[in-house]
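Take a look at the structure set out below.
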Amino acid sequence: MSIELLTQKSGPKISKYIYGQFSEHLGHGIYGSLYVGEDSDMPNVNGMRSDVVNALKAIHVPVLRWPGGLFADTYHWQDGIGPKDTRKKIVNTNWGDVTEDNSFGTHEYFELLHQLGADAYINANIGSGTVQEMAEWVEYMTMAGESPMSKLRQKNGRQDPWSLKFFGIGNESWGGGGNMRPEYYADVYRQYQTFLPQYDKDHPIYKVACGPNEDDYNWTDTLMKYAGEYLDGISLHYYTLPTGQWGLHKGDATGFPEAQWDSTMTRTKHMDELITRHSTIMDKYDPDHKVNLIVDEWGTWYNVTKNTNPGFLQQQNTIRDAMVAAINLNIFHKHADRVNMTNIAQMVNVLQAMILTDGSKMIKTPTYYVFDMYQKHMDAELVSGIGSVPENVSYTASQKDGTLTISVVNYDVHAANQLDFIGIQAYQTIQTATILTAKAMDAHNTFEDPDAVQEAAYTGATLSQAGLQLKLPAKSVVTITLK
Ligand code: AHR
């Protein structure tokens, strides 16, 4: 089968923020993995763990959502500033009732962003906080001149304001963030955003409202109707569960039956329908696509690894997760005119992570390698194509600075496939070609065998006058760049 790529036609920009990440105060998502503290024996820079930060720098994390998730609606930012020994210790009631010592707070978050080269996406507490608390947090972070909160920030060692790019007002307000009805939430959102101070007039903070859970189309309609004129983006949460059941029977991350490979692929592809239908509703109120859909939680959610704290959401990550990552990134690209940020849940040690740690050991997951292979698509122009693909194959293409990047995923568990591309006469040579594949459907990296699944050079491409031919092994992701 072949695809004609319309390389002469200009497409929407694939925002780099589609490659965003999410880190919550949850299990080992931050403590011990991203943040070990200045006094740790593990190599660190200002408390940030060097091996993990270096691995993440290599994939150019563009934005990091923090501090939750559900945690955000119990988080009081003043607990996380000032001398560490005086910071309030609280109980993390959402995630295992463990003690949260607040040693990672606002200053540490911006230090991490600085080291990663990432932008800020902070989620406010509207579930158990107040309008004043939110407004003062923003004042603390962004006020350049003299004010009570800027003076407090300076007293705590930070002279200049930080840049706050994205700000979420509510997380899952339809559930754990307040169990609100959409009409009520729309009003709460309107109130909070009214008092969101914008001190840097040249760089206004981008406002994200809590959008729907999965296929709650009424939420989107109601929110757009009553609050659509006051927001920049609305969030969407959708997780891929192999069995589709919450609770103890979501399906295991490894050792799963083949039927759960298939159901995982089917369920993850549902993202396309969700975005299409929510976006169509948004079109009624916003035909020019000024408001974005922000998929700020997505990824696989399995039963936790045996003998780990159920509140820590620790799970292995296999070649199946690599397929899920590639399929979703392809979907997000396709909707680049509406989707300008997504945040996979979560960056380290939680759910579909890039990195897993165990004490001082660290491994990169198959999902990490997909994010690595897809980097060339960041901020590139989407190239659309005409033609059909084999069953169980999905592709995406983009161009930027004279480079055409094509990524293809063959998520067939058994069969190899082939996909050809034509219409690419302007491109003469293969620049880079990488593949991620594995034999077993639950192949994964472990602390004992950290490189079992990793990127390799790809030799299945043939470029000729007739076009580009790609031979795709079963369970593979391929990225190829042409000049
Ligand atoms: O990512 C884990 C949790 O999933 C988040 O805290 C919450 O927003 C969602 O339910």
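Just remember, in the structure tokens the first chain shown is A, the second B, etc., residues are 1-based per chain, and ligands are 1-based in the order shown.
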
Mind running chain A against ligand 1 at 6 Å and telling me each contacting residue's nearest atom pair with the distance in Å (one decimal), counting only C-alpha atoms and all ligand atoms, chain and number ascending, as a Markdown table?
| residue | atom | partner | partner_atom_place_in_ligand_line | distance |
| --- | --- | --- | --- | --- |
| A:Gly68 | CA | ligand 1 | 6 (O) | 5.5 |
| A:Gly69 | CA | ligand 1 | 6 (O) | 3.2 |
| A:Leu70 | CA | ligand 1 | 6 (O) | 3.9 |
| A:Glu172 | CA | ligand 1 | 8 (O) | 5.8 |
| A:Ala345 | CA | ligand 1 | 1 (O) | 5.4 |

List every residue of stretch 275-315 of chain A that has an atom at most 9 Å from any atom of stretch 320-333 of chain A, and for each one report the closest atom pair and its distance in Å to one decimal, counting only C-alpha atoms, with rows sorted by chain and then by increasing residue number, as JSON lines.
{"residue": "A:Ile275", "atom": "CA", "partner": "A:Phe332", "partner_atom": "CA", "distance": 8.6}
{"residue": "A:Val295", "atom": "CA", "partner": "A:Phe332", "partner_atom": "CA", "distance": 9.0}
{"residue": "A:Trp298", "atom": "CA", "partner": "A:Asn328", "partner_atom": "CA", "distance": 8.9}
{"residue": "A:Gly299", "atom": "CA", "partner": "A:Ala325", "partner_atom": "CA", "distance": 7.3}
{"residue": "A:Thr300", "atom": "CA", "partner": "A:Asp321", "partner_atom": "CA", "distance": 7.1}

Using only all heavy atoms, please write the residues we just selected to a file, as a PDB file, in the first residue's frame.
ATOM      1  N   ILE A 275     -11.055  13.081  20.487  1.00  0.00           N
ATOM      2  CA  ILE A 275     -10.610  14.421  20.076  1.00  0.00           C
ATOM      3  C   ILE A 275     -11.526  14.960  18.980  1.00  0.00           C
ATOM      4  O   ILE A 275     -11.946  16.125  19.017  1.00  0.00           O
ATOM      5  CB  ILE A 275      -9.139  14.390  19.600  1.00  0.00           C
ATOM      6  CG1 ILE A 275      -8.228  14.043  20.774  1.00  0.00           C
ATOM      7  CG2 ILE A 275      -8.737  15.735  18.991  1.00  0.00           C
ATOM      8  CD1 ILE A 275      -6.762  13.854  20.394  1.00  0.00           C
ATOM      9  N   VAL A 295      -4.593  17.630  26.029  1.00  0.00           N
ATOM     10  CA  VAL A 295      -4.764  16.280  26.597  1.00  0.00           C
ATOM     11  C   VAL A 295      -3.737  16.124  27.712  1.00  0.00           C
ATOM     12  O   VAL A 295      -2.664  15.542  27.518  1.00  0.00           O
ATOM     13  CB  VAL A 295      -4.604  15.190  25.511  1.00  0.00           C
ATOM     14  CG1 VAL A 295      -5.014  13.829  26.069  1.00  0.00           C
ATOM     15  CG2 VAL A 295      -5.437  15.526  24.279  1.00  0.00           C
ATOM     16  N   TRP A 298      -2.742  11.350  29.724  1.00  0.00           N
ATOM     17  CA  TRP A 298      -2.994  10.216  28.834  1.00  0.00           C
ATOM     18  C   TRP A 298      -1.917   9.161  29.041  1.00  0.00           C
ATOM     19  O   TRP A 298      -0.865   9.451  29.606  1.00  0.00           O
ATOM     20  CB  TRP A 298      -3.040  10.662  27.362  1.00  0.00           C
ATOM     21  CG  TRP A 298      -1.739  11.152  26.773  1.00  0.00           C
ATOM     22  CD1 TRP A 298      -1.225  12.424  26.861  1.00  0.00           C
ATOM     23  CD2 TRP A 298      -0.779  10.391  26.021  1.00  0.00           C
ATOM     24  NE1 TRP A 298      -0.014  12.494  26.205  1.00  0.00           N
ATOM     25  CE2 TRP A 298       0.294  11.250  25.668  1.00  0.00           C
ATOM     26  CE3 TRP A 298      -0.712   9.064  25.592  1.00  0.00           C
ATOM     27  CZ2 TRP A 298       1.396  10.844  24.920  1.00  0.00           C
ATOM     28  CZ3 TRP A 298       0.390   8.643  24.836  1.00  0.00           C
ATOM     29  CH2 TRP A 298       1.423   9.540  24.510  1.00  0.00           C
ATOM     30  N   GLY A 299      -2.202   7.965  28.564  1.00  0.00           N
ATOM     31  CA  GLY A 299      -1.220   6.884  28.672  1.00  0.00           C
ATOM     32  C   GLY A 299      -1.864   5.622  29.200  1.00  0.00           C
ATOM     33  O   GLY A 299      -3.074   5.561  29.409  1.00  0.00           O
ATOM     34  N   THR A 300      -1.042   4.594  29.399  1.00  0.00           N
ATOM     35  CA  THR A 300      -1.566   3.316  29.881  1.00  0.00           C
ATOM     36  C   THR A 300      -1.695   3.326  31.398  1.00  0.00           C
ATOM     37  O   THR A 300      -0.934   4.009  32.097  1.00  0.00           O
ATOM     38  CB  THR A 300      -0.628   2.161  29.486  1.00  0.00           C
ATOM     39  OG1 THR A 300       0.696   2.465  29.929  1.00  0.00           O
ATOM     40  CG2 THR A 300      -0.644   1.936  27.979  1.00  0.00           C
TER      41      THR A 300
END

Show which residues sit within 9 Å of A:Val131, as a list in words. Count only C-alpha atoms, and ignore same-chain residues fewer than 5 positions away.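 Those residues are Asn125, Ile126, Glu136, Gln191, Tyr192, Gln193, Phe195 and Leu196 of chain A.
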
Surrounding residues of stretch 448-450 of chain A excluding itself and chain neighbours under 6 positions, 12 Å, only C-alpha atoms, as a ChimeraX atom specification: /A:355-358,361-366

File of the preceding selection, N, CA, C and O atoms, as a PDB file, in the first residue's frame:
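Output contents, as saved in result_37.pdb:
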ATOM      1  N   ILE A 355      10.961   6.939  32.467  1.00  0.00           N
ATOM      2  CA  ILE A 355      12.113   6.458  33.233  1.00  0.00           C
ATOM      3  C   ILE A 355      11.625   5.750  34.482  1.00  0.00           C
ATOM      4  O   ILE A 355      10.651   6.187  35.112  1.00  0.00           O
ATOM      5  N   LEU A 356      12.294   4.648  34.821  1.00  0.00           N
ATOM      6  CA  LEU A 356      12.027   3.968  36.089  1.00  0.00           C
ATOM      7  C   LEU A 356      13.312   3.996  36.910  1.00  0.00           C
ATOM      8  O   LEU A 356      14.414   3.843  36.358  1.00  0.00           O
ATOM      9  N   THR A 357      13.156   4.177  38.209  1.00  0.00           N
ATOM     10  CA  THR A 357      14.329   4.150  39.087  1.00  0.00           C
ATOM     11  C   THR A 357      14.099   3.150  40.212  1.00  0.00           C
ATOM     12  O   THR A 357      12.960   2.848  40.583  1.00  0.00           O
ATOM     13  N   ASP A 358      15.206   2.660  40.733  1.00  0.00           N
ATOM     14  CA  ASP A 358      15.176   1.796  41.916  1.00  0.00           C
ATOM     15  C   ASP A 358      16.428   2.154  42.694  1.00  0.00           C
ATOM     16  O   ASP A 358      17.535   1.798  42.273  1.00  0.00           O
ATOM     17  N   LYS A 361      19.634   3.087  40.835  1.00  0.00           N
ATOM     18  CA  LYS A 361      19.597   2.569  39.449  1.00  0.00           C
ATOM     19  C   LYS A 361      18.517   3.278  38.635  1.00  0.00           C
ATOM     20  O   LYS A 361      17.505   3.719  39.189  1.00  0.00           O
ATOM     21  N   MET A 362      18.722   3.310  37.341  1.00  0.00           N
ATOM     22  CA  MET A 362      17.766   3.997  36.457  1.00  0.00           C
ATOM     23  C   MET A 362      17.684   3.263  35.125  1.00  0.00           C
ATOM     24  O   MET A 362      18.708   2.809  34.619  1.00  0.00           O
ATOM     25  N   ILE A 363      16.484   3.127  34.568  1.00  0.00           N
ATOM     26  CA  ILE A 363      16.363   2.602  33.200  1.00  0.00           C
ATOM     27  C   ILE A 363      15.464   3.506  32.367  1.00  0.00           C
ATOM     28  O   ILE A 363      14.555   4.153  32.884  1.00  0.00           O
ATOM     29  N   LYS A 364      15.741   3.499  31.080  1.00  0.00           N
ATOM     30  CA  LYS A 364      14.867   4.175  30.111  1.00  0.00           C
ATOM     31  C   LYS A 364      13.870   3.139  29.606  1.00  0.00           C
ATOM     32  O   LYS A 364      14.237   1.987  29.362  1.00  0.00           O
ATOM     33  N   THR A 365      12.637   3.551  29.431  1.00  0.00           N
ATOM     34  CA  THR A 365      11.588   2.620  29.015  1.00  0.00           C
ATOM     35  C   THR A 365      11.411   2.666  27.492  1.00  0.00           C
ATOM     36  O   THR A 365      11.855   3.615  26.826  1.00  0.00           O
ATOM     37  N   PRO A 366      10.708   1.682  26.916  1.00  0.00           N
ATOM     38  CA  PRO A 366      10.372   1.756  25.492  1.00  0.00           C
ATOM     39  C   PRO A 366       9.635   3.059  25.133  1.00  0.00           C
ATOM     40  O   PRO A 366       9.847   3.616  24.045  1.00  0.00           O
TER      41      PRO A 366
END

Within 6 Å of stretch 75-80 of chain A, counting only C-alpha atoms, which residues show up once you throw out same-chain ones fewer than 6 positions away? Write them as number ranges by chain, please. A: 87-88, 102, 105

Limited to all heavy atoms, could you put the picked residues into a file as an mmCIF file, in the first residue's frame?
data_model
loop_
_atom_site.group_PDB
_atom_site.id
_atom_site.type_symbol
_atom_site.label_atom_id
_atom_site.label_comp_id
_atom_site.auth_asym_id
_atom_site.auth_seq_id
_atom_site.Cartn_x
_atom_site.Cartn_y
_atom_site.Cartn_z
ATOM 1 N N ARG A 87 9.275 23.625 56.798
ATOM 2 C CA ARG A 87 8.123 23.373 55.912
ATOM 3 C C ARG A 87 7.161 22.363 56.563
ATOM 4 O O ARG A 87 7.587 21.384 57.174
ATOM 5 C CB ARG A 87 8.592 22.862 54.550
ATOM 6 C CG ARG A 87 9.353 23.928 53.782
ATOM 7 C CD ARG A 87 9.562 23.555 52.343
ATOM 8 N NE ARG A 87 10.505 24.488 51.727
ATOM 9 C CZ ARG A 87 10.949 24.393 50.479
ATOM 10 N NH1 ARG A 87 10.534 23.403 49.703
ATOM 11 N NH2 ARG A 87 11.795 25.279 49.996
ATOM 12 N N LYS A 88 5.897 22.629 56.346
ATOM 13 C CA LYS A 88 4.866 21.790 56.966
ATOM 14 C C LYS A 88 4.874 20.386 56.366
ATOM 15 O O LYS A 88 4.975 20.231 55.150
ATOM 16 C CB LYS A 88 3.513 22.457 56.711
ATOM 17 C CG LYS A 88 2.395 21.928 57.587
ATOM 18 C CD LYS A 88 1.049 22.372 57.054
ATOM 19 C CE LYS A 88 0.593 23.663 57.699
ATOM 20 N NZ LYS A 88 -0.770 24.041 57.231
ATOM 21 N N ASN A 102 7.072 18.367 51.759
ATOM 22 C CA ASN A 102 7.082 19.633 51.015
ATOM 23 C C ASN A 102 8.485 20.156 50.692
ATOM 24 O O ASN A 102 8.661 21.345 50.436
ATOM 25 C CB ASN A 102 6.283 20.714 51.765
ATOM 26 C CG ASN A 102 4.792 20.581 51.491
ATOM 27 O OD1 ASN A 102 4.361 20.580 50.338
ATOM 28 N ND2 ASN A 102 3.999 20.413 52.543
ATOM 29 N N GLY A 105 9.092 22.129 46.326
ATOM 30 C CA GLY A 105 8.028 23.130 46.214
ATOM 31 C C GLY A 105 8.261 24.011 44.995
ATOM 32 O O GLY A 105 8.941 23.612 44.035
#

Considering only C-alpha atoms, return as a PyMOL selection string whatever protein or nucleic-acid residues lie within 10 Å of stretch 393-400 of chain A, sequence-local ones (same chain, fewer than 3 positions apart) excluded. chain A and resi 3+5-7+10-14+323+326-334+374+376-385+388-390+403-412+417-419+472+474-483

Of the candidates A:Ala416, A:Leu236, A:Leu351, A:Ala466, which one gets nearest to A:Glu4 if we count only C-alpha atoms? A:Ala466

Taking 4 positions as the minimum chain separation for residues in the same chain, which residues sit within 9 Å of A:Pro67 when counting only C-alpha atoms? Answer as a PDB file with N, CA, C and O atoms, in the first residue's frame.
ATOM      1  N   PHE A  22       4.195  15.148  32.658  1.00  0.00           N
ATOM      2  CA  PHE A  22       3.418  15.420  33.868  1.00  0.00           C
ATOM      3  C   PHE A  22       4.119  14.745  35.047  1.00  0.00           C
ATOM      4  O   PHE A  22       4.470  13.568  34.952  1.00  0.00           O
ATOM      5  N   SER A  23       4.364  15.489  36.108  1.00  0.00           N
ATOM      6  CA  SER A  23       4.929  14.910  37.343  1.00  0.00           C
ATOM      7  C   SER A  23       4.105  15.363  38.530  1.00  0.00           C
ATOM      8  O   SER A  23       3.968  16.565  38.777  1.00  0.00           O
ATOM      9  N   GLU A  24       3.614  14.405  39.268  1.00  0.00           N
ATOM     10  CA  GLU A  24       2.758  14.693  40.421  1.00  0.00           C
ATOM     11  C   GLU A  24       3.468  14.250  41.700  1.00  0.00           C
ATOM     12  O   GLU A  24       4.343  13.380  41.668  1.00  0.00           O
ATOM     13  N   HIS A  25       3.059  14.802  42.821  1.00  0.00           N
ATOM     14  CA  HIS A  25       3.539  14.299  44.111  1.00  0.00           C
ATOM     15  C   HIS A  25       2.808  12.981  44.340  1.00  0.00           C
ATOM     16  O   HIS A  25       1.732  12.943  44.929  1.00  0.00           O
ATOM     17  N   PHE A  71      -3.449  15.540  43.476  1.00  0.00           N
ATOM     18  CA  PHE A  71      -2.682  16.182  44.537  1.00  0.00           C
ATOM     19  C   PHE A  71      -2.856  17.704  44.493  1.00  0.00           C
ATOM     20  O   PHE A  71      -2.857  18.370  45.538  1.00  0.00           O
ATOM     21  N   ALA A  72      -3.018  18.242  43.293  1.00  0.00           N
ATOM     22  CA  ALA A  72      -3.081  19.707  43.144  1.00  0.00           C
ATOM     23  C   ALA A  72      -4.213  20.304  43.970  1.00  0.00           C
ATOM     24  O   ALA A  72      -4.085  21.418  44.499  1.00  0.00           O
ATOM     25  N   TYR A  75      -3.116  20.777  47.527  1.00  0.00           N
ATOM     26  CA  TYR A  75      -1.807  21.404  47.689  1.00  0.00           C
ATOM     27  C   TYR A  75      -1.937  22.883  48.053  1.00  0.00           C
ATOM     28  O   TYR A  75      -2.620  23.642  47.358  1.00  0.00           O
ATOM     29  N   GLY A 105       9.092  22.129  46.326  1.00  0.00           N
ATOM     30  CA  GLY A 105       8.028  23.130  46.214  1.00  0.00           C
ATOM     31  C   GLY A 105       8.261  24.011  44.995  1.00  0.00           C
ATOM     32  O   GLY A 105       8.941  23.612  44.035  1.00  0.00           O
ATOM     33  N   TYR A 109      10.659  23.291  41.802  1.00  0.00           N
ATOM     34  CA  TYR A 109      10.032  23.021  40.495  1.00  0.00           C
ATOM     35  C   TYR A 109      10.679  23.876  39.408  1.00  0.00           C
ATOM     36  O   TYR A 109      11.048  23.378  38.332  1.00  0.00           O
ATOM     37  N   ILE A 122       1.464  24.905  35.648  1.00  0.00           N
ATOM     38  CA  ILE A 122       1.082  24.686  37.040  1.00  0.00           C
ATOM     39  C   ILE A 122      -0.427  24.552  37.154  1.00  0.00           C
ATOM     40  O   ILE A 122      -1.187  25.288  36.508  1.00  0.00           O
ATOM     41  N   ASN A 123      -0.849  23.579  37.968  1.00  0.00           N
ATOM     42  CA  ASN A 123      -2.277  23.387  38.203  1.00  0.00           C
ATOM     43  C   ASN A 123      -2.649  23.966  39.569  1.00  0.00           C
ATOM     44  O   ASN A 123      -2.068  23.563  40.584  1.00  0.00           O
ATOM     45  N   ALA A 124      -3.564  24.886  39.585  1.00  0.00           N
ATOM     46  CA  ALA A 124      -3.972  25.538  40.836  1.00  0.00           C
ATOM     47  C   ALA A 124      -4.877  24.624  41.652  1.00  0.00           C
ATOM     48  O   ALA A 124      -5.438  23.653  41.143  1.00  0.00           O
TER      49      ALA A 124
END

I need the strand (DSSP E or B) residues of stretch 77-291 of chain A per DSSP on the backbone, written as a PDB file with C-alpha atoms, in the first residue's frame.
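Output contents, as saved in states03.pdb:
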ATOM      1  CA  ILE A  90       1.286  16.895  55.412  1.00  0.00           C
ATOM      2  CA  VAL A  91      -0.420  13.610  54.545  1.00  0.00           C
ATOM      3  CA  ASN A  92      -0.787  12.837  50.855  1.00  0.00           C
ATOM      4  CA  VAL A  98       2.316   8.936  52.987  1.00  0.00           C
ATOM      5  CA  THR A  99       4.003  11.926  54.620  1.00  0.00           C
ATOM      6  CA  GLU A 100       4.710  14.749  52.211  1.00  0.00           C
ATOM      7  CA  ASP A 119       8.305  25.569  30.358  1.00  0.00           C
ATOM      8  CA  ALA A 120       5.973  25.720  33.345  1.00  0.00           C
ATOM      9  CA  TYR A 121       2.466  24.328  33.531  1.00  0.00           C
ATOM     10  CA  ILE A 122       1.082  24.686  37.040  1.00  0.00           C
ATOM     11  CA  ASN A 123      -2.277  23.387  38.203  1.00  0.00           C
ATOM     12  CA  ALA A 124      -3.972  25.538  40.836  1.00  0.00           C
ATOM     13  CA  PHE A 166       0.474  27.637  31.313  1.00  0.00           C
ATOM     14  CA  PHE A 167      -1.902  27.665  34.269  1.00  0.00           C
ATOM     15  CA  GLY A 168      -4.607  25.081  34.956  1.00  0.00           C
ATOM     16  CA  ILE A 169      -7.686  26.120  36.895  1.00  0.00           C
ATOM     17  CA  TYR A 206      -2.249  30.784  29.088  1.00  0.00           C
ATOM     18  CA  LYS A 207      -5.401  29.633  30.941  1.00  0.00           C
ATOM     19  CA  VAL A 208      -6.454  25.979  30.889  1.00  0.00           C
ATOM     20  CA  ALA A 209      -9.911  25.055  32.169  1.00  0.00           C
ATOM     21  CA  ASN A 213     -13.445  13.072  31.339  1.00  0.00           C
ATOM     22  CA  GLY A 233      -7.529  25.729  26.370  1.00  0.00           C
ATOM     23  CA  ILE A 234      -9.609  22.971  27.887  1.00  0.00           C
ATOM     24  CA  SER A 235      -8.139  19.731  29.139  1.00  0.00           C
ATOM     25  CA  LEU A 236      -9.106  16.164  28.256  1.00  0.00           C
ATOM     26  CA  HIS A 237      -8.186  13.097  30.285  1.00  0.00           C
ATOM     27  CA  TYR A 238      -8.205   9.642  28.765  1.00  0.00           C
ATOM     28  CA  TYR A 239      -6.262   6.614  29.969  1.00  0.00           C
ATOM     29  CA  THR A 240      -5.779   3.317  28.130  1.00  0.00           C
TER      30      THR A 240
END

Atom CA of A:Asn303 to atom CA of A:Trp219, straight-line distance in Å: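 Interatomic distance here is 28.6 Å.
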
For A:Thr305, which residue out of A:Asn349, A:Thr459, A:Thr86, A:Ser50 is the nearest one, using only C-alpha atoms?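 Counting only C-alpha atoms, the residue closest to A:Thr305 is A:Asn349.
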
From A:Met265, A:Glu111, A:Ala336, A:Gln315, residue lying nearest A:Ala353 [only C-alpha atoms]: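 Closest candidate: A:Gln315.
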
Which of stretch 123-301 of chain A counts as alpha helix (DSSP H) under DSSP, as an NGL selection string please? :A and (131-142 or 148-155 or 182-194 or 217-227 or 258-285)

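Candidate residues A:Phe447, A:Tyr35, A:Tyr217, A:Tyr302 were compared for distance to A:Gln115, and the nearest is A:Tyr35, using only C-alpha atoms.
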